[in-house]
Amino acid sequence: MNSPTGFLSENIWILTRYDHISSVLINKKFGRGNRFGKGKITANYAKLNSLTQMRQHWVNFLDPPEHTRIRSFINKVFSPKMVNELKPGIDSIVTYLMDRINGNEAEFISEFSYPLAAITIAEFYGIPKEDRDILDKWAMQIVKTLDVVTNQFTQDDLKNIYRCADEIKDYFRKQVEEKERNPKDDMISRLLTIENNGDRLTKEEIIASLVLMIMDAHEAPKNMISNGLYALLKNPEQFEKLKNDPSLTEGAVDELLRYDSPAQFTGRRTHEDETVGGKEIKKGLQIICMLGAGNRDPLKFSEPDRLDIERKNVIPLSFGGGIHFCAGAGFAKLEALSAFENIAKNFPDIKLKDKEYHFHDSLHSRGLESLEVYLK
Ligand code: HEM
């Protein structure tokens, strides 16, 4: 493709420029235009499988007004105040995981990034952290269905996905019922009690939202930390700067998200004809916004392929934008902040092992298969 805005197929447009993507994400002429129901429970609901039932309520598939309604409840549990109060808890999970790493070397994803992401969200939800592996197993199956552009499923894949959807839905139903009987100071209990102008989320909506967020909270934060550390270790002069000046960590997190985005694209559909980058996109067509490409757009960032943790005014596209802007962005950035601050402090001599590193074979989610390091 020679143009930054072009067709992927007859019905799909693809955008790669930072400015085109950010303008589409905030433009009301573009929405989700999904076919997975309207966030309402209809007469046929009971006949649907668990996955299709949950998809009726997933905010990422909804347009206003259904999106606005469910998203306003989610925003309340991710208010900046509530998220900031999590910092000491996240710091203590980071310290616990670092203390467990013994010896001179580590596989950083299984020993650090994955358990950090999984334990943090489990604590926030108020569910047992020992359930993290089974939740991850279920989430990893169901998350594949979000990648609507590239995934092709066999009958066996589908059977497995539907089974996992039944199991995770059942798991969260039990958790929600337990919190109804025995509320605590956690996110599930809060979702059960939050009222918005006399409106409340139904139990089905809460369960579906919990499943959506457990998927988001496992894969992307794990990749954010692993991709970020990999980038820093490949650019040791940048890691050196971070070690010498911890006040650079916040800017470094944005730059690392820009440099190697854990989420590579998001999608929209045109509600009305609209012109983007000088090209007319007809109503009803699908748009793929290539977030990772926009983050490396030379019209937006000078020398975009260079990692520079002191780069100014970096607003990465990695969390999307507009009304669908990632609900967990503040939460995820706190995890990254704590992780990078503590890696720089506790493992100042960390180095990549000299071997080939591979990324998982997925167009949407970008993450390393393994990250092997020397610690001393
Ligand atoms: C580094 C970590 C993460 C990345 C890169 C990421 C990225 C994204 C992206 C690209 C979107 C789509 C935005 C759009 O279409 O404009 C999204 C949506 C969403 N994310 Fe995240 N995410 C991350 C972590 C999380 C976490 C930890 C949670 C929750 C605990 C979360 C919850 C959500 C939800 C609920 C949505 C749907 C929002 C809506 O449609 O209104 N994400 N995220």
# chains A, B, ... in the order shown; residues from 1 in each chain; ligands from 1

$ residues_near_ligand --ligand "ligand 1" --cutoff "8 Å" --atoms "only C-alpha atoms and all ligand atoms" --output "PyMOL selection string"
chain A and resi 25+58-62+67+71+74+117+121+209+212-225+257+261-268+291+317-329+331-333

$ closest_atom_pairs --of "region 195-291 of chain A" --to "region 166-175 of chain A" --cutoff "10 Å" --atoms "only C-alpha atoms" --output "CSV"
residue,atom,partner,partner_atom,distance
A:Lys203,CA,A:Arg173,CA,8.0
A:Glu204,CA,A:Arg173,CA,8.4
A:Ile206,CA,A:Phe172,CA,9.0
A:Ile207,CA,A:Phe172,CA,5.9
A:Ala208,CA,A:Lys169,CA,7.5
A:Leu210,CA,A:Phe172,CA,7.5
A:Val211,CA,A:Ile168,CA,7.3

$ select_by_dssp --residues "region 114-317 of chain A" --states "alpha helix (DSSP H)" --output "VMD selection string"
chain A and resid 114 to 125 132 to 142 155 to 181 187 to 193 203 to 234 236 to 244 249 to 259 291 to 294

$ closest_residue --among "A:Gly277, A:Pro128, A:Pro64, A:Pro4" --to "Val24 (chain A)" --atoms "only C-alpha atoms"
A:Gly277

$ atom_distance --atom1 "CA of Glu335 (chain A)" --atom2 "CA of Arg366 (chain A)"
17.9 Å

$ atom_distance --atom1 "CA of Phe78 (chain A)" --atom2 "CA of Glu66 (chain A)"
18.8 Å

$ residues_around --residues "Glu250 (chain A)" --least-positions-apart "5" --cutoff "9 Å" --atoms "only C-alpha atoms" --output "list in words"
Glu255, Lys333, Ala336 and Leu337 of chain A

$ residues_around --residues "region 341-345 of chain A" --least-positions-apart "4" --cutoff "9 Å" --atoms "only C-alpha atoms" --output "PyMOL selection string"
chain A and resi 91+94-95+98+229+239-240+242-244+246+249+336-337+349-350

$ residues_around --residues "region 13-16 of chain A" --least-positions-apart "3" --cutoff "12 Å" --atoms "only C-alpha atoms" --output "PyMOL selection string"
chain A and resi 1-10+19-25+149+264-270+275-277+279-300+317

$ write_last_selection --atoms "C-alpha atoms" --output "mmCIF file, in the first residue's frame"
data_model
loop_
_atom_site.group_PDB
_atom_site.id
_atom_site.type_symbol
_atom_site.label_atom_id
_atom_site.label_comp_id
_atom_site.auth_asym_id
_atom_site.auth_seq_id
_atom_site.Cartn_x
_atom_site.Cartn_y
_atom_site.Cartn_z
ATOM 1 C CA MET A 1 0.000 0.000 0.000
ATOM 2 C CA ASN A 2 1.553 3.336 -1.053
ATOM 3 C CA SER A 3 -0.916 5.679 0.620
ATOM 4 C CA PRO A 4 -1.282 6.040 4.404
ATOM 5 C CA THR A 5 -5.074 5.728 3.940
ATOM 6 C CA GLY A 6 -6.268 2.905 1.771
ATOM 7 C CA PHE A 7 -8.356 -0.211 1.245
ATOM 8 C CA LEU A 8 -7.430 -3.516 2.843
ATOM 9 C CA SER A 9 -10.327 -5.118 1.010
ATOM 10 C CA GLU A 10 -13.476 -3.778 -0.608
ATOM 11 C CA ASP A 19 -3.486 12.516 12.782
ATOM 12 C CA HIS A 20 -5.947 10.535 10.652
ATOM 13 C CA ILE A 21 -6.306 7.902 13.374
ATOM 14 C CA SER A 22 -6.770 10.349 16.223
ATOM 15 C CA SER A 23 -9.325 12.368 14.233
ATOM 16 C CA VAL A 24 -11.335 9.222 13.422
ATOM 17 C CA LEU A 25 -11.281 8.021 17.031
ATOM 18 C CA VAL A 149 -10.006 -9.003 11.470
ATOM 19 C CA GLN A 264 -1.564 -2.750 17.369
ATOM 20 C CA PHE A 265 -4.983 -1.709 16.092
ATOM 21 C CA THR A 266 -8.547 -0.822 16.935
ATOM 22 C CA GLY A 267 -11.588 -0.689 14.690
ATOM 23 C CA ARG A 268 -14.486 1.600 13.831
ATOM 24 C CA ARG A 269 -17.330 1.647 11.310
ATOM 25 C CA THR A 270 -18.622 4.708 9.439
ATOM 26 C CA THR A 275 -13.505 12.132 4.231
ATOM 27 C CA VAL A 276 -10.242 11.056 5.863
ATOM 28 C CA GLY A 277 -6.831 11.995 4.509
ATOM 29 C CA LYS A 279 -10.325 10.011 0.643
ATOM 30 C CA GLU A 280 -14.056 9.519 0.952
ATOM 31 C CA ILE A 281 -15.069 6.590 3.111
ATOM 32 C CA LYS A 282 -18.658 5.468 2.501
ATOM 33 C CA LYS A 283 -21.177 4.812 5.253
ATOM 34 C CA GLY A 284 -21.146 1.293 6.732
ATOM 35 C CA LEU A 285 -17.508 0.458 5.963
ATOM 36 C CA GLN A 286 -15.045 -0.887 8.492
ATOM 37 C CA ILE A 287 -11.928 1.123 9.422
ATOM 38 C CA ILE A 288 -8.821 -0.390 10.952
ATOM 39 C CA CYS A 289 -6.770 2.193 12.839
ATOM 40 C CA MET A 290 -3.186 0.929 12.963
ATOM 41 C CA LEU A 291 -2.180 2.314 16.373
ATOM 42 C CA GLY A 292 1.354 0.918 16.275
ATOM 43 C CA ALA A 293 1.971 2.479 12.839
ATOM 44 C CA GLY A 294 0.503 5.848 13.928
ATOM 45 C CA ASN A 295 2.866 5.789 16.913
ATOM 46 C CA ARG A 296 5.791 5.643 14.462
ATOM 47 C CA ASP A 297 4.452 8.315 12.089
ATOM 48 C CA PRO A 298 7.362 10.593 11.078
ATOM 49 C CA LEU A 299 4.918 13.479 10.502
ATOM 50 C CA LYS A 300 4.097 13.339 14.208
ATOM 51 C CA LEU A 317 -2.213 5.980 20.350
#

$ residues_around --residues "Asn49 (chain A)" --least-positions-apart "5" --cutoff "12 Å" --atoms "only C-alpha atoms" --output "ChimeraX atom specification"
/A:44,54-56,158-159,161-167,169

$ write_last_selection --atoms "N, CA and C atoms" --output "PDB file, in the first residue's frame"
ATOM      1  N   ASN A  44     -34.813 -13.687  23.161  1.00  0.00           N
ATOM      2  CA  ASN A  44     -33.962 -14.809  22.724  1.00  0.00           C
ATOM      3  C   ASN A  44     -32.727 -15.014  23.594  1.00  0.00           C
ATOM      4  N   MET A  54     -22.508 -12.534  26.586  1.00  0.00           N
ATOM      5  CA  MET A  54     -21.609 -11.528  27.174  1.00  0.00           C
ATOM      6  C   MET A  54     -21.306 -10.416  26.180  1.00  0.00           C
ATOM      7  N   ARG A  55     -21.178 -10.792  24.911  1.00  0.00           N
ATOM      8  CA  ARG A  55     -20.854  -9.780  23.899  1.00  0.00           C
ATOM      9  C   ARG A  55     -21.954  -8.720  23.752  1.00  0.00           C
ATOM     10  N   GLN A  56     -23.178  -9.080  24.140  1.00  0.00           N
ATOM     11  CA  GLN A  56     -24.260  -8.077  24.088  1.00  0.00           C
ATOM     12  C   GLN A  56     -23.921  -6.870  24.970  1.00  0.00           C
ATOM     13  N   LEU A 158     -13.572 -23.228  18.088  1.00  0.00           N
ATOM     14  CA  LEU A 158     -14.828 -22.613  18.541  1.00  0.00           C
ATOM     15  C   LEU A 158     -15.399 -23.353  19.743  1.00  0.00           C
ATOM     16  N   LYS A 159     -15.323 -24.697  19.676  1.00  0.00           N
ATOM     17  CA  LYS A 159     -15.851 -25.509  20.791  1.00  0.00           C
ATOM     18  C   LYS A 159     -15.125 -25.138  22.079  1.00  0.00           C
ATOM     19  N   ILE A 161     -13.453 -22.338  22.725  1.00  0.00           N
ATOM     20  CA  ILE A 161     -13.776 -20.954  23.127  1.00  0.00           C
ATOM     21  C   ILE A 161     -15.133 -20.921  23.841  1.00  0.00           C
ATOM     22  N   TYR A 162     -16.120 -21.615  23.276  1.00  0.00           N
ATOM     23  CA  TYR A 162     -17.459 -21.589  23.903  1.00  0.00           C
ATOM     24  C   TYR A 162     -17.425 -22.244  25.286  1.00  0.00           C
ATOM     25  N   ARG A 163     -16.616 -23.319  25.414  1.00  0.00           N
ATOM     26  CA  ARG A 163     -16.520 -23.984  26.724  1.00  0.00           C
ATOM     27  C   ARG A 163     -15.877 -23.037  27.753  1.00  0.00           C
ATOM     28  N   CYS A 164     -14.803 -22.361  27.325  1.00  0.00           N
ATOM     29  CA  CYS A 164     -14.137 -21.419  28.234  1.00  0.00           C
ATOM     30  C   CYS A 164     -15.085 -20.287  28.624  1.00  0.00           C
ATOM     31  N   ALA A 165     -15.902 -19.843  27.657  1.00  0.00           N
ATOM     32  CA  ALA A 165     -16.853 -18.753  27.955  1.00  0.00           C
ATOM     33  C   ALA A 165     -17.868 -19.223  29.002  1.00  0.00           C
ATOM     34  N   ASP A 166     -18.344 -20.477  28.862  1.00  0.00           N
ATOM     35  CA  ASP A 166     -19.279 -21.013  29.878  1.00  0.00           C
ATOM     36  C   ASP A 166     -18.608 -21.022  31.250  1.00  0.00           C
ATOM     37  N   GLU A 167     -17.345 -21.490  31.266  1.00  0.00           N
ATOM     38  CA  GLU A 167     -16.670 -21.665  32.562  1.00  0.00           C
ATOM     39  C   GLU A 167     -16.359 -20.329  33.226  1.00  0.00           C
ATOM     40  N   LYS A 169     -17.844 -17.480  32.722  1.00  0.00           N
ATOM     41  CA  LYS A 169     -19.092 -16.792  33.088  1.00  0.00           C
ATOM     42  C   LYS A 169     -19.621 -17.375  34.403  1.00  0.00           C
TER      43      LYS A 169
END

$ residues_around --residues "Ser226 (chain A)" --least-positions-apart "5" --cutoff "7 Å" --atoms "only C-alpha atoms" --output "list in words"
Ile109, Ser113 and Leu368 of chain A

$ select_by_dssp --residues "region 110-346 of chain A" --states "strand (DSSP E)" --output "PyMOL selection string"
chain A and resi 265-270+274-276+279-281+286-290

$ write_last_selection --atoms "C-alpha atoms" --output "PDB file, in the first residue's frame"
ATOM      1  CA  PHE A 265      -4.983  -1.709  16.092  1.00  0.00           C
ATOM      2  CA  THR A 266      -8.547  -0.822  16.935  1.00  0.00           C
ATOM      3  CA  GLY A 267     -11.588  -0.689  14.690  1.00  0.00           C
ATOM      4  CA  ARG A 268     -14.486   1.600  13.831  1.00  0.00           C
ATOM      5  CA  ARG A 269     -17.330   1.647  11.310  1.00  0.00           C
ATOM      6  CA  THR A 270     -18.622   4.708   9.439  1.00  0.00           C
ATOM      7  CA  GLU A 274     -16.797  10.948   5.718  1.00  0.00           C
ATOM      8  CA  THR A 275     -13.505  12.132   4.231  1.00  0.00           C
ATOM      9  CA  VAL A 276     -10.242  11.056   5.863  1.00  0.00           C
ATOM     10  CA  LYS A 279     -10.325  10.011   0.643  1.00  0.00           C
ATOM     11  CA  GLU A 280     -14.056   9.519   0.952  1.00  0.00           C
ATOM     12  CA  ILE A 281     -15.069   6.590   3.111  1.00  0.00           C
ATOM     13  CA  GLN A 286     -15.045  -0.887   8.492  1.00  0.00           C
ATOM     14  CA  ILE A 287     -11.928   1.123   9.422  1.00  0.00           C
ATOM     15  CA  ILE A 288      -8.821  -0.390  10.952  1.00  0.00           C
ATOM     16  CA  CYS A 289      -6.770   2.193  12.839  1.00  0.00           C
ATOM     17  CA  MET A 290      -3.186   0.929  12.963  1.00  0.00           C
TER      18      MET A 290
END

$ closest_residue --among "A:Arg69, A:Arg17, A:Lys376, A:His364" --to "Val143 (chain A)" --atoms "only C-alpha atoms"
A:His364

$ closest_residue --among "A:Glu105, A:Val83, A:Ser189, A:Asn160" --to "Met140 (chain A)" --atoms "only C-alpha atoms"
A:Asn160

$ closest_residue --among "A:Ile26, A:Ser365, A:Asn346, A:Ile194" --to "Asp99 (chain A)" --atoms "only C-alpha atoms"
A:Asn346

$ atom_distance --atom1 "CA of Val314 (chain A)" --atom2 "CA of Arg258 (chain A)"
7.7 Å
